[in-house]
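Structure file target10.cif; described as mmCIF, C-alpha atoms.
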data_work
#
loop_
_atom_site.label_atom_id
_atom_site.label_comp_id
_atom_site.auth_asym_id
_atom_site.auth_seq_id
_atom_site.Cartn_x
_atom_site.Cartn_y
_atom_site.Cartn_z
CA MET A 1 51.39 122.42 103.56
CA ASP A 2 48.74 124.60 105.00
CA LEU A 3 50.03 125.75 108.32
CA LEU A 4 47.97 128.83 108.75
CA THR A 5 44.41 127.50 108.74
CA HIS A 6 44.86 126.02 112.22
CA GLN A 7 45.47 129.37 113.79
CA ASP A 8 42.81 130.65 116.09
CA GLY A 9 43.83 134.25 115.84
CA GLU A 10 46.06 134.35 118.88
CA SER A 11 49.64 133.30 118.99
CA VAL A 12 49.88 129.63 119.93
CA LEU A 13 53.30 130.11 121.42
CA LYS A 14 54.46 133.46 122.62
CA ASN A 15 58.05 132.57 123.27
CA THR A 16 59.88 129.81 121.50
CA ALA A 17 62.97 129.73 123.74
CA ILE A 18 63.90 126.13 124.50
CA LYS A 19 66.23 123.98 126.55
CA LEU A 20 67.39 120.44 125.94
CA ILE A 21 66.53 118.19 128.88
CA ASP A 22 66.82 114.58 130.01
CA PHE A 23 70.41 113.66 129.40
CA GLY A 24 69.84 110.26 130.93
CA HIS A 25 70.93 108.61 127.70
CA SER A 26 73.76 110.91 126.87
CA GLU A 27 77.31 109.74 126.78
CA SER A 28 80.36 110.52 124.90
CA HIS A 29 80.76 108.17 121.96
CA GLY A 30 80.16 104.59 122.90
CA ALA A 31 76.74 104.72 124.50
CA THR A 32 74.69 101.59 124.79
CA TYR A 33 71.30 101.02 123.22
CA GLY A 34 68.70 103.42 124.48
CA GLY A 35 66.61 106.38 123.62
CA SER A 36 63.20 106.45 122.05
CA VAL A 37 62.83 104.02 119.20
CA PRO A 38 60.88 106.19 116.72
CA PHE A 39 63.60 108.81 116.90
CA ASN A 40 66.52 106.41 116.73
CA SER A 41 68.87 106.54 113.79
CA PRO A 42 69.44 103.41 111.69
CA GLU A 43 72.71 102.65 113.49
CA LYS A 44 71.22 103.19 116.89
CA LEU A 45 68.31 100.93 116.03
CA LEU A 46 70.83 98.15 115.67
CA GLY A 47 72.40 98.94 119.01
CA TRP A 48 75.52 100.58 117.64
CA SER A 49 77.21 103.29 119.62
CA SER A 50 75.67 106.69 120.01
CA LYS A 51 77.23 109.57 118.12
CA TYR A 52 76.59 113.14 117.05
CA SER A 53 75.22 111.83 113.76
CA ASP A 54 72.55 109.90 115.69
CA ASP A 55 71.50 113.15 117.32
CA MET A 56 71.23 114.75 113.88
CA TRP A 57 68.88 111.98 112.78
CA SER A 58 66.78 112.55 115.90
CA VAL A 59 66.73 116.28 115.22
CA GLY A 60 65.37 115.53 111.75
CA CYS A 61 62.64 113.30 113.21
CA THR A 62 61.85 115.91 115.85
CA LEU A 63 61.50 118.65 113.25
CA LEU A 64 59.34 116.31 111.19
CA GLU A 65 57.03 115.90 114.17
CA LEU A 66 56.92 119.65 114.86
CA TYR A 67 56.19 120.27 111.18
CA THR A 68 53.57 117.58 110.62
CA GLY A 69 52.15 117.16 114.12
CA ARG A 70 52.77 113.41 113.92
CA THR A 71 55.49 111.23 115.39
CA PRO A 72 57.32 109.50 112.57
CA PHE A 73 58.08 105.76 112.58
CA VAL A 74 55.48 104.65 115.12
CA LEU A 75 54.87 100.96 114.49
CA SER A 76 52.12 98.66 115.66
CA ARG A 77 52.69 96.46 118.70
CA LYS A 78 51.37 93.48 116.75
CA TYR A 79 54.85 93.00 115.32
CA THR A 80 57.71 91.28 117.08
CA ASP A 81 60.73 93.41 117.95
CA ASN A 82 62.62 91.89 115.06
CA GLN A 83 59.83 92.63 112.59
CA ARG A 84 59.52 96.17 113.88
CA ASP A 85 63.23 96.78 113.38
CA ILE A 86 63.05 95.51 109.82
CA ILE A 87 59.94 97.55 108.98
CA HIS A 88 61.50 100.58 110.64
CA LEU A 89 64.63 100.21 108.51
CA GLN A 90 62.52 99.77 105.38
CA LEU A 91 60.51 102.88 106.21
CA MET A 92 63.75 104.78 106.66
CA GLN A 93 64.82 103.72 103.18
CA SER A 94 61.50 104.81 101.75
CA LEU A 95 61.49 108.12 103.56
CA CYS A 96 65.01 108.90 102.41
CA CYS A 97 64.36 107.57 98.89
CA SER A 98 67.65 105.71 99.05
CA ARG A 99 69.05 102.37 100.11
CA PHE A 100 71.39 101.33 102.87
CA SER A 101 74.96 100.77 101.86
CA PRO A 102 76.22 97.19 101.47
CA GLU A 103 78.46 97.85 104.49
CA PHE A 104 75.47 98.73 106.64
CA ILE A 105 73.50 95.68 105.51
CA HIS A 106 76.55 93.54 106.13
CA GLY A 107 76.51 94.75 109.75
CA LEU A 108 72.95 93.56 110.29
CA GLN A 109 72.17 90.37 112.17
CA PRO A 110 71.88 87.46 109.72
CA LYS A 111 68.12 87.23 110.21
CA LYS A 112 67.59 90.89 109.33
CA ARG A 113 70.25 90.85 106.65
CA ALA A 114 68.34 88.14 104.79
CA VAL A 115 65.33 90.43 104.38
CA PHE A 116 67.44 93.11 102.74
CA PHE A 117 69.24 90.65 100.50
CA ASN A 118 66.05 88.93 99.39
CA GLY A 119 65.13 91.97 97.35
CA SER A 120 62.78 94.66 98.55
CA GLU A 121 59.98 92.33 99.60
CA LEU A 122 58.09 94.19 102.32
CA ILE A 123 56.70 92.33 105.31
CA ASP A 124 53.43 94.16 105.28
CA PRO A 125 51.75 95.50 102.14
CA TRP A 126 50.26 98.53 103.86
CA ILE A 127 53.63 100.13 104.36
CA PRO A 128 54.01 101.96 101.04
CA GLY A 129 50.70 103.70 101.59
CA VAL A 130 51.53 105.17 104.96
CA ILE A 131 54.97 106.47 104.20
CA PRO A 132 54.84 110.21 104.63
CA LYS A 133 56.61 112.06 101.91
CA LEU A 134 59.56 113.91 103.30
CA PRO A 135 58.57 117.56 103.03
CA HIS A 136 60.56 119.30 100.38
CA LEU A 137 62.55 121.29 102.81
CA GLU A 138 66.28 121.20 102.85
CA VAL A 139 66.25 121.06 106.63
CA PHE A 140 64.82 117.53 106.70
CA SER A 141 66.71 116.07 103.80
CA SER A 142 70.01 117.34 105.18
CA CYS A 143 69.81 115.50 108.50
CA VAL A 144 67.54 112.56 107.71
CA LYS A 145 70.04 110.59 105.66
CA LEU A 146 70.81 106.90 105.78
CA ALA A 147 74.57 107.40 105.71
CA ASP A 148 75.67 108.69 109.11
CA GLY A 149 78.68 110.55 107.73
CA ARG A 150 76.48 112.74 105.55
CA ARG A 151 74.07 114.01 108.16
CA THR A 152 74.65 117.67 108.67
CA ILE A 153 72.66 120.77 109.05
CA SER A 154 73.84 124.32 108.86
CA GLN A 155 72.27 127.24 110.58
CA GLN A 156 72.18 128.95 107.19
CA THR A 157 69.73 126.30 105.97
CA LEU A 158 67.27 127.53 108.52
CA MET B 1 72.28 125.88 133.87
CA ARG B 2 72.28 127.20 137.42
CA ALA B 3 74.50 124.57 139.01
CA ARG B 4 75.82 121.08 138.52
CA PHE B 5 77.01 118.46 140.92
CA LYS B 6 77.89 114.83 141.04
CA GLN B 7 76.07 112.28 143.11
CA GLY B 8 77.88 109.00 143.02
CA ARG B 9 78.35 108.28 139.33
CA ARG B 10 75.50 110.51 138.30
CA HIS B 11 75.91 114.03 137.02
CA CYS B 12 73.10 116.32 138.05
CA ILE B 13 72.11 119.66 136.57
CA VAL B 14 70.07 122.37 138.20
CA THR B 15 68.07 124.53 135.84
CA GLU B 16 65.48 127.18 136.46
CA LEU B 17 61.92 125.91 136.60
CA LEU B 18 61.03 125.02 133.02
CA GLY B 19 57.72 125.12 131.23
CA SER B 20 56.05 122.27 129.38
CA ASP B 21 57.93 120.20 126.84
CA LEU B 22 57.26 120.48 123.13
CA TYR B 23 55.33 117.21 122.98
CA GLY B 24 53.11 118.24 125.91
CA PHE B 25 52.58 121.58 124.27
CA MET B 26 51.59 120.01 120.97
CA ARG B 27 49.29 117.51 122.68
CA ALA B 28 47.59 120.28 124.63
CA LYS B 29 46.96 121.96 121.29
CA SER B 30 45.61 118.76 119.70
CA PHE B 31 48.80 118.33 117.70
CA ILE B 32 48.59 121.63 116.03
CA ARG B 33 51.36 122.31 113.59
CA PHE B 34 53.64 125.18 114.38
CA ARG B 35 53.46 128.40 112.48
CA PRO B 36 56.28 128.69 109.93
CA ASP B 37 58.04 131.45 111.85
CA GLN B 38 57.82 129.53 115.11
CA PHE B 39 58.88 126.31 113.43
CA ARG B 40 61.89 128.10 112.02
CA SER B 41 62.77 129.59 115.38
CA LEU B 42 62.43 126.23 117.14
CA ALA B 43 64.38 124.42 114.44
CA PHE B 44 67.15 126.98 114.62
CA GLN B 45 67.38 126.70 118.39
CA ILE B 46 67.31 122.91 118.44
CA VAL B 47 70.03 122.70 115.84
CA SER B 48 72.08 125.37 117.62
CA ALA B 49 71.72 123.58 120.95
CA VAL B 50 72.80 120.23 119.54
CA LYS B 51 75.69 121.81 117.67
CA CYS B 52 76.74 123.65 120.81
CA MET B 53 76.56 120.43 122.79
CA ASN B 54 78.91 118.78 120.35
CA ASP B 55 81.26 121.63 119.50
CA CYS B 56 81.59 123.78 122.56
CA LEU B 57 81.61 121.17 125.26
CA LYS B 58 84.61 119.14 124.33
CA GLY B 59 86.49 120.68 127.23
CA PHE B 60 83.52 120.27 129.54
CA VAL B 61 84.00 116.55 129.89
CA THR B 62 87.76 116.34 130.16
CA ASP B 63 87.48 115.03 133.69
CA HIS B 64 85.87 111.91 132.27
CA VAL B 65 87.76 108.83 131.29
CA GLY B 66 88.52 109.02 127.60
CA LEU B 67 85.35 110.84 126.70
CA HIS B 68 86.62 114.14 125.40
CA GLU B 69 87.61 113.56 121.79
CA HIS B 70 84.27 113.94 120.09
CA GLY B 71 82.08 115.98 122.35
CA ILE B 72 78.93 114.35 123.60
CA ALA B 73 75.78 112.93 122.09
CA HIS B 74 72.43 113.54 123.75
CA GLY B 75 71.17 110.11 122.77
CA ASP B 76 67.47 110.71 123.23
CA LEU B 77 66.43 113.81 121.34
CA LYS B 78 62.70 114.13 120.79
CA PRO B 79 59.98 116.72 121.42
CA GLU B 80 59.44 115.37 124.97
CA ASN B 81 63.02 116.27 125.79
CA ILE B 82 62.87 119.83 124.58
CA ALA B 83 61.47 122.09 127.28
CA LEU B 84 60.01 125.48 126.66
CA LEU B 85 61.30 128.41 128.63
CA GLU B 86 59.40 131.45 129.66
CA ASP B 87 61.79 134.23 128.82
CA GLU B 88 65.35 133.19 128.56
CA VAL B 89 67.36 131.24 126.05
CA TYR B 90 69.56 128.69 127.73
CA PHE B 91 70.72 125.25 126.79
CA ALA B 92 71.32 122.79 129.59
CA VAL B 93 73.89 120.13 128.95
CA SER B 94 75.33 117.31 130.98
CA THR B 95 77.04 114.00 130.57
CA ASP B 96 76.47 110.68 132.18
#

Could you render the structure as structure tokens?
Amino acid sequence: MDLLTHQDGESVLKNTAIKLIDFGHSESHGATYGGSVPFNSPEKLLGWSSKYSDDMWSVGCTLLELYTGRTPFVLSRKYTDNQRDIIHLQLMQSLCCSRFSPEFIHGLQPKKRAVFFNGSELIDPWIPGVIPKLPHLEVFSSCVKLADGRRTISQQTL
Amino acid sequence: MRARFKQGRRHCIVTELLGSDLYGFMRAKSFIRFRPDQFRSLAFQIVSAVKCMNDCLKGFVTDHVGLHEHGIAHGDLKPENIALLEDEVYFAVSTD
């Protein structure tokens, strides 16, 4: 990726010190559905409880946005909520180049489960074309994983 | 974090006046991509902050009912919720 051509000579950001804010959705394990949908992990999308692994997914999406300048997983309003969830889950599979475990699919609502059991038939044919390829950086692939137990990121990676 | 207090069931945090958030910053720059060194610095800090939130704060929430085993999850991490500071490196954390 060409990150340098956008520079206008001066530093775009002099100090990169940051703070996490807005803990309105934070809870110890067991939080209800909330947060911002494009950044939600697969489990959170289904309304399962909020955990550290969900934060790791969101970190991956956040880094993806910082790296590409685009918010990942933004879906058109023309879809129903149910359709959006399904497309979102399918995009997650494509982005991660892997498939959800049978256990995860089993936990889906019957209506959504059917889509995943009926093969990989996509709702909308444009989807494969717009899937951004996950940049070949270890930092993304280590925290954007479908299986929540495997999401991790070490400071050494960075 | 300068101070924290409880108002009813809400936990409130006082921080120093913060700058713009990362999303606002990016939008102001027409969604410019960060320079590799800045991206690395931001990524490192975000990961450190989230790790710290989970690892170091297990004792922080012991006054809560049954909420201390696993640390806390932020629940809504995104560029809008990452504020830029002027000079100092701090990570504000709270629970609800």

Atomic distance CA of His88 (chain A) - CA of Ser76 (chain A), expressed in Å with one decimal: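 That distance, rounded to one decimal, is 10.8 Å.
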
Selection dump of the PyMOL selection byres ((chain A and resi 55) around 9), as a PyMOL selection string: (chain A and resi 40-41+50-54+56-60) or (chain B and resi 50+73-77)

Selected residues written out, C-alpha atoms, as an mmCIF file, keeping the file's coordinate frame:
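This went into result_17.cif:
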data_model
loop_
_atom_site.group_PDB
_atom_site.id
_atom_site.type_symbol
_atom_site.label_atom_id
_atom_site.label_comp_id
_atom_site.auth_asym_id
_atom_site.auth_seq_id
_atom_site.Cartn_x
_atom_site.Cartn_y
_atom_site.Cartn_z
ATOM 1 C CA ASN A 40 66.520 106.410 116.730
ATOM 2 C CA SER A 41 68.870 106.540 113.790
ATOM 3 C CA SER A 50 75.670 106.690 120.010
ATOM 4 C CA LYS A 51 77.230 109.570 118.120
ATOM 5 C CA TYR A 52 76.590 113.140 117.050
ATOM 6 C CA SER A 53 75.220 111.830 113.760
ATOM 7 C CA ASP A 54 72.550 109.900 115.690
ATOM 8 C CA MET A 56 71.230 114.750 113.880
ATOM 9 C CA TRP A 57 68.880 111.980 112.780
ATOM 10 C CA SER A 58 66.780 112.550 115.900
ATOM 11 C CA VAL A 59 66.730 116.280 115.220
ATOM 12 C CA GLY A 60 65.370 115.530 111.750
ATOM 13 C CA VAL B 50 72.800 120.230 119.540
ATOM 14 C CA ALA B 73 75.780 112.930 122.090
ATOM 15 C CA HIS B 74 72.430 113.540 123.750
ATOM 16 C CA GLY B 75 71.170 110.110 122.770
ATOM 17 C CA ASP B 76 67.470 110.710 123.230
ATOM 18 C CA LEU B 77 66.430 113.810 121.340
#

Explicit residue set for the PyMOL selection byres ((chain A and resi 18) around 6), as a ChimeraX atom specification: /A:17,19 /B:83-85

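Taking CA of Ile46 (chain B) as the reference point, CA of Pro38 (chain A) is found at 18.0 Å.
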
Selection result for the PyMOL selection byres ((chain B and resi 2) around 9) on this file, as a list in words: Met1, Ala3, Arg4, Ile13, Val14, Thr15 and Glu16 of chain B

File dump, residues just selected, C-alpha atoms, as a PDB file, in the frame of the given file:
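File produced: again-v8.pdb:
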ATOM      1  CA  MET B   1      72.280 125.880 133.870  1.00  0.00           C
ATOM      2  CA  ALA B   3      74.500 124.570 139.010  1.00  0.00           C
ATOM      3  CA  ARG B   4      75.820 121.080 138.520  1.00  0.00           C
ATOM      4  CA  ILE B  13      72.110 119.660 136.570  1.00  0.00           C
ATOM      5  CA  VAL B  14      70.070 122.370 138.200  1.00  0.00           C
ATOM      6  CA  THR B  15      68.070 124.530 135.840  1.00  0.00           C
ATOM      7  CA  GLU B  16      65.480 127.180 136.460  1.00  0.00           C
TER       8      GLU B  16
END

Separation of CA of Phe23 (chain A) from CA of Val139 (chain A) in Å: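 Here the two named atoms are 24.3 Å from each other.
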
Closest of B:Arg33, B:His11, B:Lys6, B:Lys51 to chain A - atom-to-atom distances counting all atoms listed in the file: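 Ranking B:Arg33, B:His11, B:Lys6, B:Lys51 by distance to chain A, first place goes to B:Arg33.
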
Nearest to Pro79 (chain B), chosen from A:Pro102, A:Pro72, A:Gly107, A:Gly149, with all atoms listed in the file counted in the distances: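 Using all atoms listed in the file, the shortest distance to Pro79 (chain B) belongs to A:Pro72.
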
Residue nearest chain B among A:Pro110, A:Gly47, A:Gly24, A:Pro42 (counting only C-alpha atoms): A:Gly24
